[in-house]
file start-v1.cif (mmCIF, C-alpha atoms)
data_structure
loop_
_atom_site.label_atom_id
_atom_site.label_comp_id
_atom_site.auth_asym_id
_atom_site.auth_seq_id
_atom_site.Cartn_x
_atom_site.Cartn_y
_atom_site.Cartn_z
CA MET I 1 30.74 -3.98 35.40
CA GLU I 2 32.63 -2.27 38.23
CA ASN I 3 33.85 -5.59 39.60
CA PHE I 4 35.37 -6.70 36.32
CA THR I 5 39.00 -7.82 36.85
CA PRO I 6 40.42 -8.85 33.46
CA LEU I 7 44.12 -8.86 34.40
CA SER I 8 44.02 -11.00 37.55
CA ALA I 9 41.42 -13.21 35.85
CA THR I 10 43.68 -13.86 32.86
CA ALA I 11 46.76 -14.37 35.04
CA GLY I 12 44.90 -16.75 37.34
CA GLY I 13 43.56 -18.57 34.30
CA ALA I 14 47.10 -18.91 32.92
CA LEU I 15 48.17 -20.54 36.21
CA ILE I 16 45.32 -23.03 35.84
CA GLY I 17 46.54 -23.64 32.29
CA ILE I 18 50.06 -24.28 33.59
CA SER I 19 48.71 -26.68 36.23
CA VAL I 20 46.79 -28.82 33.72
CA THR I 21 49.79 -28.69 31.36
CA LEU I 22 52.21 -30.09 33.96
CA LEU I 23 49.74 -32.76 35.04
CA LEU I 24 49.37 -33.98 31.45
CA LEU I 25 53.04 -33.64 30.54
CA PHE I 26 54.42 -35.51 33.56
CA ASN I 27 51.59 -37.78 34.71
CA GLY I 28 49.52 -38.13 31.54
CA ARG I 29 46.39 -37.08 33.41
CA ILE I 30 43.62 -34.61 32.60
CA GLY I 31 43.14 -31.91 35.23
CA GLY I 32 39.39 -32.16 35.51
CA ILE I 33 38.44 -31.53 39.12
CA SER I 34 35.12 -33.41 39.21
CA GLY I 35 36.85 -36.52 37.85
CA ILE I 36 39.72 -36.17 40.30
CA MET I 37 37.24 -35.75 43.18
CA SER I 38 35.09 -38.77 42.32
CA GLY I 39 38.17 -40.82 41.47
CA VAL I 40 39.23 -40.57 45.11
CA TYR I 41 36.74 -43.37 45.82
CA LEU I 42 35.91 -44.73 42.35
CA ALA I 43 39.36 -45.31 40.88
CA THR I 44 41.48 -48.41 41.44
CA LYS I 45 43.59 -48.37 44.58
CA ASN I 46 46.81 -47.27 42.89
CA ASP I 47 45.02 -44.41 41.22
CA ARG I 48 43.49 -42.94 44.34
CA ILE I 49 46.53 -41.54 46.08
CA TRP I 50 47.60 -38.95 43.50
CA ARG I 51 44.03 -37.65 43.30
CA LEU I 52 43.86 -37.20 47.03
CA ILE I 53 47.25 -35.45 46.97
CA PHE I 54 46.11 -33.17 44.15
CA ILE I 55 43.07 -32.22 46.24
CA VAL I 56 45.29 -31.50 49.24
CA GLY I 57 47.36 -29.27 46.94
CA LEU I 58 44.26 -27.47 45.72
CA VAL I 59 43.27 -26.64 49.29
CA LEU I 60 46.86 -25.75 50.20
CA GLY I 61 47.22 -23.39 47.22
CA ALA I 62 44.13 -21.43 48.27
CA PHE I 63 45.28 -21.49 51.91
CA ILE I 64 48.74 -20.10 51.05
CA PHE I 65 47.23 -17.38 48.86
CA GLN I 66 44.83 -16.44 51.65
CA LEU I 67 47.73 -16.15 54.13
CA LEU I 68 49.59 -13.81 51.77
CA LYS I 69 46.57 -11.74 50.71
CA PRO I 70 43.87 -12.12 53.38
CA ASN I 71 41.56 -9.42 51.98
CA PHE I 72 41.63 -10.54 48.36
CA ASN I 73 38.94 -13.23 48.70
CA ILE I 74 36.55 -12.86 51.60
CA PRO I 75 34.47 -15.99 52.29
CA ARG I 76 30.76 -15.55 51.63
CA GLN I 77 28.47 -15.83 54.61
CA ASN I 78 24.77 -16.38 55.26
CA TYR I 79 24.01 -17.70 51.80
CA PRO I 80 20.66 -19.58 51.75
CA LEU I 81 21.45 -23.14 52.86
CA LEU I 82 18.90 -24.70 50.52
CA LEU I 83 20.49 -23.12 47.43
CA LEU I 84 23.93 -24.14 48.64
CA GLY I 85 23.07 -27.73 49.56
CA LEU I 86 20.76 -28.54 46.68
CA GLY I 87 23.02 -26.64 44.27
CA GLY I 88 26.04 -28.63 45.40
CA PHE I 89 24.13 -31.90 45.08
CA LEU I 90 23.18 -31.05 41.48
CA VAL I 91 26.78 -30.04 40.73
CA GLY I 92 27.92 -33.48 41.91
CA PHE I 93 25.14 -35.38 40.13
CA GLY I 94 25.45 -33.41 36.89
CA THR I 95 29.24 -33.52 36.60
CA ARG I 96 29.23 -37.31 37.19
CA MET I 97 26.49 -37.85 34.66
CA GLY I 98 28.02 -35.49 32.09
CA SER I 99 31.59 -36.69 32.80
CA GLY I 100 33.13 -33.34 33.53
CA CYS I 101 32.97 -29.81 34.86
CA THR I 102 34.37 -26.37 34.12
CA SER I 103 37.96 -27.59 34.16
CA GLY I 104 37.56 -31.00 32.51
CA HIS I 105 35.20 -29.97 29.70
CA GLY I 106 35.62 -26.19 29.75
CA ILE I 107 39.42 -26.09 29.73
CA CYS I 108 41.01 -29.48 28.99
CA GLY I 109 38.31 -30.71 26.62
CA ILE I 110 38.11 -27.51 24.61
CA ALA I 111 41.94 -27.41 24.51
CA ILE I 112 41.95 -30.68 22.54
CA LEU I 113 39.11 -29.35 20.36
CA SER I 114 36.58 -31.86 21.65
CA ILE I 115 33.15 -30.95 20.26
CA ARG I 116 31.65 -33.03 23.07
CA SER I 117 33.30 -30.79 25.66
CA LEU I 118 32.38 -27.61 23.82
CA ILE I 119 28.71 -28.67 23.75
CA ALA I 120 28.83 -29.57 27.45
CA THR I 121 30.41 -26.21 28.30
CA LEU I 122 27.85 -24.21 26.33
CA THR I 123 25.08 -26.26 27.97
CA PHE I 124 26.15 -25.73 31.60
CA MET I 125 26.83 -22.04 30.96
CA ALA I 126 23.36 -21.62 29.47
CA THR I 127 21.51 -23.43 32.27
CA GLY I 128 23.69 -21.61 34.84
CA MET I 129 22.71 -18.25 33.39
CA ILE I 130 19.02 -19.17 33.25
CA THR I 131 19.16 -20.39 36.86
CA VAL I 132 20.79 -17.18 38.10
CA TYR I 133 18.22 -15.15 36.20
CA ILE I 134 15.43 -17.06 37.94
CA ILE I 135 16.82 -16.96 41.47
CA ARG I 136 18.05 -13.35 41.33
CA HIS I 137 15.51 -11.60 39.13
CA SER I 138 12.33 -13.70 39.03
CA LEU I 139 12.11 -15.26 42.47
CA GLU I 140 14.52 -12.73 44.04
CA LEU I 141 15.84 -15.38 46.44
CA ILE I 142 19.23 -13.65 46.60
CA ALA I 143 20.48 -10.13 45.88
CA MET C 1 56.33 -40.97 44.40
CA LYS C 2 57.39 -38.53 41.66
CA GLN C 3 53.87 -38.55 40.25
CA ASN C 4 52.48 -37.68 43.65
CA LEU C 5 54.84 -34.72 43.94
CA ILE C 6 53.70 -33.47 40.53
CA ALA C 7 50.08 -33.92 41.62
CA LEU C 8 50.76 -31.86 44.75
CA LEU C 9 52.50 -29.12 42.78
CA CYS C 10 49.73 -29.02 40.16
CA GLY C 11 47.08 -28.86 42.88
CA ILE C 12 48.84 -25.94 44.56
CA ILE C 13 49.24 -24.01 41.29
CA PHE C 14 45.59 -24.66 40.43
CA GLY C 15 44.49 -23.45 43.87
CA ILE C 16 46.55 -20.27 43.56
CA GLY C 17 45.11 -19.71 40.06
CA LEU C 18 41.56 -20.01 41.38
CA SER C 19 42.40 -17.58 44.19
CA LEU C 20 44.13 -14.98 42.00
CA SER C 21 41.31 -15.09 39.46
CA GLN C 22 38.80 -14.88 42.36
CA MET C 23 36.89 -17.85 40.98
CA ILE C 24 37.08 -19.10 44.56
CA ASN C 25 34.56 -16.35 45.33
CA PRO C 26 31.11 -17.78 44.46
CA ASN C 27 29.52 -14.33 44.21
CA LYS C 28 31.96 -13.41 41.46
CA VAL C 29 30.91 -16.54 39.58
CA LEU C 30 27.23 -15.68 40.08
CA ASN C 31 27.96 -12.19 38.72
CA PHE C 32 29.37 -13.83 35.59
CA LEU C 33 26.25 -15.95 35.17
CA ASP C 34 24.05 -12.90 35.76
CA VAL C 35 24.09 -11.58 32.21
CA THR C 36 21.02 -9.40 32.65
CA GLY C 37 22.24 -7.92 35.93
CA ASN C 38 25.51 -6.25 36.89
CA TRP C 39 27.49 -8.55 34.57
CA ASP C 40 31.11 -9.41 35.41
CA PRO C 41 32.78 -11.09 32.39
CA SER C 42 35.93 -12.07 34.36
CA LEU C 43 35.24 -15.82 34.13
CA ILE C 44 35.60 -15.66 30.34
CA PHE C 45 39.07 -14.18 30.83
CA VAL C 46 39.98 -16.99 33.26
CA MET C 47 39.00 -19.51 30.61
CA MET C 48 40.86 -17.65 27.89
CA GLY C 49 43.99 -17.41 30.05
CA ALA C 50 43.86 -21.13 30.76
CA LEU C 51 43.02 -22.04 27.16
CA ALA C 52 45.80 -19.86 25.75
CA VAL C 53 48.27 -22.04 27.66
CA ALA C 54 46.55 -25.43 27.37
CA PHE C 55 45.65 -25.11 23.70
CA VAL C 56 49.31 -24.79 22.70
CA SER C 57 50.78 -27.12 25.33
CA PHE C 58 48.31 -30.00 24.93
CA LYS C 59 48.88 -30.14 21.18
CA TRP C 60 52.61 -30.35 21.75
CA ILE C 61 52.41 -32.80 24.69
CA LEU C 62 50.07 -35.24 22.95
CA LYS C 63 52.57 -35.63 20.11
CA ARG C 64 54.86 -37.39 22.59
CA PRO C 65 54.64 -41.19 22.74
CA SER C 66 54.13 -41.04 26.51
CA PRO C 67 54.15 -38.65 29.48
CA ILE C 68 57.49 -37.96 31.20
CA ILE C 69 57.01 -40.08 34.34
CA ALA C 70 53.94 -42.20 33.57
CA GLU C 71 53.39 -45.05 31.12
CA SER C 72 50.59 -43.60 29.04
CA PHE C 73 48.18 -40.73 28.55
CA HIS C 74 44.72 -41.04 30.06
CA VAL C 75 42.78 -38.81 27.71
CA SER C 76 39.18 -39.51 26.76
CA ARG C 77 38.70 -39.60 23.01
CA LYS C 78 34.98 -40.09 23.32
CA SER C 79 33.18 -37.96 20.79
CA SER C 80 29.52 -38.94 21.09
CA ILE C 81 27.09 -36.16 21.91
CA ASP C 82 24.68 -38.26 23.94
CA LYS C 83 21.86 -37.77 26.41
CA PRO C 84 23.92 -38.21 29.62
CA LEU C 85 26.37 -35.55 28.40
CA ILE C 86 23.73 -32.93 27.66
CA LEU C 87 21.46 -33.75 30.57
CA GLY C 88 24.39 -34.00 33.00
CA ALA C 89 25.86 -30.69 31.84
CA ALA C 90 22.43 -29.05 32.10
CA ILE C 91 21.95 -30.35 35.67
CA PHE C 92 25.46 -29.24 36.62
CA GLY C 93 24.73 -25.74 35.28
CA ILE C 94 21.58 -25.48 37.39
CA GLY C 95 23.53 -26.43 40.52
CA TRP C 96 26.31 -24.02 39.54
CA GLY C 97 23.82 -21.18 39.19
CA MET C 98 22.11 -22.04 42.47
CA SER C 99 25.28 -22.23 44.55
CA GLY C 100 27.93 -20.28 42.63
CA TYR C 101 30.30 -23.23 42.94
CA CYS C 102 31.79 -25.63 40.45
CA PRO C 103 33.97 -28.47 41.81
CA GLY C 104 37.40 -26.73 41.73
CA PRO C 105 36.46 -23.62 43.72
CA ALA C 106 34.34 -25.75 46.07
CA VAL C 107 37.32 -27.88 47.09
CA SER C 108 39.91 -25.12 47.18
CA GLY C 109 37.46 -23.01 49.21
CA LEU C 110 38.28 -25.38 52.08
CA GLY C 111 41.58 -23.47 52.20
CA LEU C 112 39.66 -20.35 53.25
CA LEU C 113 38.45 -22.32 56.27
CA SER C 114 34.83 -21.36 55.63
CA LEU C 115 31.84 -23.43 56.71
CA GLU C 116 30.23 -22.86 53.32
CA SER C 117 32.90 -24.82 51.48
CA VAL C 118 32.52 -27.80 53.83
CA ILE C 119 28.78 -27.88 53.08
CA ILE C 120 29.28 -27.57 49.33
CA VAL C 121 31.95 -30.29 49.17
CA VAL C 122 29.78 -32.71 51.17
CA ALA C 123 26.81 -31.89 48.91
CA ILE C 124 28.86 -32.49 45.76
CA TYR C 125 29.98 -35.90 47.04
CA LEU C 126 26.37 -36.80 47.86
CA GLY C 127 25.54 -35.88 44.26
CA PHE C 128 28.33 -38.17 43.01
CA PHE C 129 27.05 -41.06 45.14
CA ALA C 130 23.46 -40.48 44.06
CA CYS C 131 24.43 -40.46 40.38
CA ASN C 132 26.38 -43.70 40.75
CA ARG C 133 23.48 -45.37 42.54
CA PHE C 134 20.98 -44.12 39.99
CA PHE C 135 22.90 -45.50 37.03
CA GLU C 136 23.85 -48.77 38.74
CA GLN C 137 20.24 -49.67 39.35
CA LYS C 138 19.13 -49.05 35.80
#

call {"tool": "encode", "arguments": {"input": "start-v1.cif", "output": "structure tokens"}}
result
Amino acid sequence: MENFTPLSATAGGALIGISVTLLLLFNGRIGGISGIMSGVYLATKNDRIWRLIFIVGLVLGAFIFQLLKPNFNIPRQNYPLLLLGLGGFLVGFGTRMGSGCTSGHGICGIAILSIRSLIATLTFMATGMITVYIIRHSLELIA
Amino acid sequence: MKQNLIALLCGIIFGIGLSLSQMINPNKVLNFLDVTGNWDPSLIFVMMGALAVAFVSFKWILKRPSPIIAESFHVSRKSSIDKPLILGAAIFGIGWGMSGYCPGPAVSGLGLLSLESVIIVVAIYLGFFACNRFFEQK
């Protein structure tokens, strides 16, 4: 567990909590990223702009942080393209079908004590763990 | 206009949160999911940090008749535990474990100007489109 970073993890998590709080308090919206992403093309015209702007902010936030602390997060390189591409496809398909991701179900849903979101969160964590076990330890596709 | 400014601010804070917690680093996420390997429990602390704030604030906010600058709250009150929920979450988890990305870090990763995040974002959108097509035709 030498890479365990509880303090920065909790502080970063609190910032995410503040972000979803402000979005609900001012705009009445749930800060679920998969819903915001798909809403960019699925929502009605008036509802698209804020989603696009939120996404720009998301990119900008990471960009600003990277400028200030360039060695804190180093982009991964040479990851197997098949795992990346197929994995991303399943992330998109699954979050659409299950109406949410780590932020929508895992944070916002659990925050309002939604059993539905809790079940979804436990499910994607379980299948995520099984998948990593298979690709790292059974098939040894990645280190 | 005001709502767009809030959206921008919230996006920026979210992106900084993902960076500070290193959830923007897909290998750190994979190390969380790797319970039998060199396990890194940090992701649990990210969720607890976020939940500690949202649990208290959401309860308080949802007592209001309406949000501050919008007409109404858009909060799903759906409670059914149905097949699409479970199957969708299971499929999402498999993709998460394969790639190390969930949607938030995938998008904000574009801010690191890496090729990987472009590929993952395009792949996620293809997954969205495919899911919509699949369920439209049924």

call {"tool": "resolve_selection", "arguments": {"input": "start-v1.cif", "expression": "the PyMOL selection byres ((chain I and resi 86-95) around 7)", "output": "list in words"}}
result
Ser34, Leu82, Leu83, Leu84, Gly85, Arg96, Met97, Gly98, Ser99, Gly100 and Cys101 of chain I; Gly88, Ala89, Ile91, Phe92, Gly95, Trp96, Met98, Ser99, Cys102, Ile120, Ala123, Ile124, Tyr125, Leu126, Gly127, Phe128, Ala130 and Cys131 of chain C

call {"tool": "resolve_selection", "arguments": {"input": "start-v1.cif", "expression": "the PyMOL selection byres ((chain C and resi 53-58) around 10)", "output": "CSV table (one decimal) with C-alpha atoms, in the frame of the given file"}}
result
chain,number,residue,atom,x,y,z
I,13,GLY,CA,43.6,-18.6,34.3
I,14,ALA,CA,47.1,-18.9,32.9
I,15,LEU,CA,48.2,-20.5,36.2
I,16,ILE,CA,45.3,-23.0,35.8
I,17,GLY,CA,46.5,-23.6,32.3
I,18,ILE,CA,50.1,-24.3,33.6
I,19,SER,CA,48.7,-26.7,36.2
I,20,VAL,CA,46.8,-28.8,33.7
I,21,THR,CA,49.8,-28.7,31.4
I,22,LEU,CA,52.2,-30.1,34.0
I,24,LEU,CA,49.4,-34.0,31.4
I,25,LEU,CA,53.0,-33.6,30.5
I,107,ILE,CA,39.4,-26.1,29.7
I,108,CYS,CA,41.0,-29.5,29.0
I,109,GLY,CA,38.3,-30.7,26.6
I,110,ILE,CA,38.1,-27.5,24.6
I,111,ALA,CA,41.9,-27.4,24.5
I,112,ILE,CA,42.0,-30.7,22.5
I,113,LEU,CA,39.1,-29.4,20.4
C,48,MET,CA,40.9,-17.6,27.9
C,49,GLY,CA,44.0,-17.4,30.0
C,50,ALA,CA,43.9,-21.1,30.8
C,51,LEU,CA,43.0,-22.0,27.2
C,52,ALA,CA,45.8,-19.9,25.8
C,59,LYS,CA,48.9,-30.1,21.2
C,60,TRP,CA,52.6,-30.4,21.8
C,61,ILE,CA,52.4,-32.8,24.7
C,62,LEU,CA,50.1,-35.2,23.0
C,63,LYS,CA,52.6,-35.6,20.1

call {"tool": "atom_distance", "arguments": {"input": "start-v1.cif", "atom1": "atom CA of Gly37 of chain C", "atom2": "atom CA of Val132 of chain I"}}
result
9.6 Å

call {"tool": "atom_distance", "arguments": {"input": "start-v1.cif", "atom1": "atom CA of Arg116 of chain I", "atom2": "atom CA of Ile30 of chain I"}}
result
15.4 Å

call {"tool": "closest_residue", "arguments": {"input": "start-v1.cif", "among": "C:Ser117, C:Asn27, C:Asn132, C:Ser21", "to": "chain I", "atoms": "only C-alpha atoms"}}
result
C:Ser21

call {"tool": "atom_distance", "arguments": {"input": "start-v1.cif", "atom1": "atom CA of Ser117 of chain I", "atom2": "atom CA of Gly104 of chain C"}}
result
17.1 Å

call {"tool": "closest_residue", "arguments": {"input": "start-v1.cif", "among": "C:Val75, C:Met47, C:Leu18, C:Val118", "to": "Ser114 of chain I", "atoms": "only C-alpha atoms"}}
result
C:Val75

call {"tool": "closest_residue", "arguments": {"input": "start-v1.cif", "among": "I:Ile130, I:Ile36, I:Val59, I:Leu42", "to": "chain C", "atoms": "all atoms listed in the file"}}
result
I:Val59

call {"tool": "closest_residue", "arguments": {"input": "start-v1.cif", "among": "I:Leu68, I:Ile134, I:Met125, I:Leu141", "to": "Leu43 of chain C", "atoms": "all atoms listed in the file"}}
result
I:Met125

call {"tool": "closest_residue", "arguments": {"input": "start-v1.cif", "among": "I:Ile115, I:Leu7, I:Ile53, I:Ile74", "to": "Pro26 of chain C", "atoms": "only C-alpha atoms"}}
result
I:Ile74

call {"tool": "residues_around", "arguments": {"input": "start-v1.cif", "residues": "Gly128 of chain I", "least_positions_apart": "3", "cutoff": "6 Å", "atoms": "only C-alpha atoms", "output": "ChimeraX atom specification"}}
result
/I:124-125,131 /C:93-94,96-97

call {"tool": "resolve_selection", "arguments": {"input": "start-v1.cif", "expression": "the PyMOL selection byres ((chain I and resi 3) around 10)", "output": "ChimeraX atom specification"}}
result
/I:1-2,4-6 /C:28,31,38-42

call {"tool": "decode", "arguments": {"input": "start-v1.cif", "residues": "segment 48-65 of chain C", "atoms": "N, CA and C atoms", "output": "mmCIF file, in the first residue's frame"}}
result
data_model
loop_
_atom_site.group_PDB
_atom_site.id
_atom_site.type_symbol
_atom_site.label_atom_id
_atom_site.label_comp_id
_atom_site.auth_asym_id
_atom_site.auth_seq_id
_atom_site.Cartn_x
_atom_site.Cartn_y
_atom_site.Cartn_z
ATOM 1 N N MET C 48 -15.500 9.020 0.348
ATOM 2 C CA MET C 48 -15.912 9.445 1.690
ATOM 3 C C MET C 48 -15.799 10.960 1.843
ATOM 4 N N GLY C 49 -14.754 11.545 1.264
ATOM 5 C CA GLY C 49 -14.610 13.008 1.313
ATOM 6 C C GLY C 49 -15.769 13.689 0.616
ATOM 7 N N ALA C 50 -16.133 13.160 -0.560
ATOM 8 C CA ALA C 50 -17.231 13.751 -1.329
ATOM 9 C C ALA C 50 -18.560 13.528 -0.617
ATOM 10 N N LEU C 51 -18.745 12.321 -0.090
ATOM 11 C CA LEU C 51 -20.012 11.998 0.580
ATOM 12 C C LEU C 51 -20.189 12.769 1.883
ATOM 13 N N ALA C 52 -19.075 13.016 2.587
ATOM 14 C CA ALA C 52 -19.174 13.767 3.836
ATOM 15 C C ALA C 52 -19.781 15.144 3.569
ATOM 16 N N VAL C 53 -19.403 15.744 2.438
ATOM 17 C CA VAL C 53 -19.948 17.051 2.069
ATOM 18 C C VAL C 53 -21.370 16.906 1.524
ATOM 19 N N ALA C 54 -21.535 16.025 0.535
ATOM 20 C CA ALA C 54 -22.808 15.942 -0.190
ATOM 21 C C ALA C 54 -23.935 15.380 0.682
ATOM 22 N N PHE C 55 -23.598 14.493 1.576
ATOM 23 C CA PHE C 55 -24.627 13.890 2.424
ATOM 24 C C PHE C 55 -25.341 14.962 3.254
ATOM 25 N N VAL C 56 -24.539 15.857 3.842
ATOM 26 C CA VAL C 56 -25.102 16.934 4.660
ATOM 27 C C VAL C 56 -25.765 17.996 3.771
ATOM 28 N N SER C 57 -25.051 18.417 2.710
ATOM 29 C CA SER C 57 -25.548 19.542 1.915
ATOM 30 C C SER C 57 -26.811 19.181 1.123
ATOM 31 N N PHE C 58 -26.859 17.978 0.558
ATOM 32 C CA PHE C 58 -28.020 17.602 -0.257
ATOM 33 C C PHE C 58 -29.295 17.585 0.586
ATOM 34 N N LYS C 59 -29.167 17.080 1.801
ATOM 35 C CA LYS C 59 -30.321 16.985 2.689
ATOM 36 C C LYS C 59 -30.885 18.385 2.954
ATOM 37 N N TRP C 60 -29.970 19.300 3.176
ATOM 38 C CA TRP C 60 -30.330 20.682 3.468
ATOM 39 C C TRP C 60 -30.869 21.371 2.212
ATOM 40 N N ILE C 61 -30.208 21.175 1.076
ATOM 41 C CA ILE C 61 -30.614 21.839 -0.170
ATOM 42 C C ILE C 61 -32.008 21.370 -0.611
ATOM 43 N N LEU C 62 -32.243 20.069 -0.527
ATOM 44 C CA LEU C 62 -33.511 19.529 -1.040
ATOM 45 C C LEU C 62 -34.714 19.866 -0.153
ATOM 46 N N LYS C 63 -34.464 20.535 0.963
ATOM 47 C CA LYS C 63 -35.576 21.045 1.770
ATOM 48 C C LYS C 63 -36.090 22.357 1.194
ATOM 49 N N ARG C 64 -35.261 22.998 0.361
ATOM 50 C CA ARG C 64 -35.678 24.264 -0.248
ATOM 51 C C ARG C 64 -36.777 23.989 -1.282
ATOM 52 N N PRO C 65 -37.661 24.953 -1.515
ATOM 53 C CA PRO C 65 -38.682 24.758 -2.548
ATOM 54 C C PRO C 65 -38.079 24.719 -3.955
#
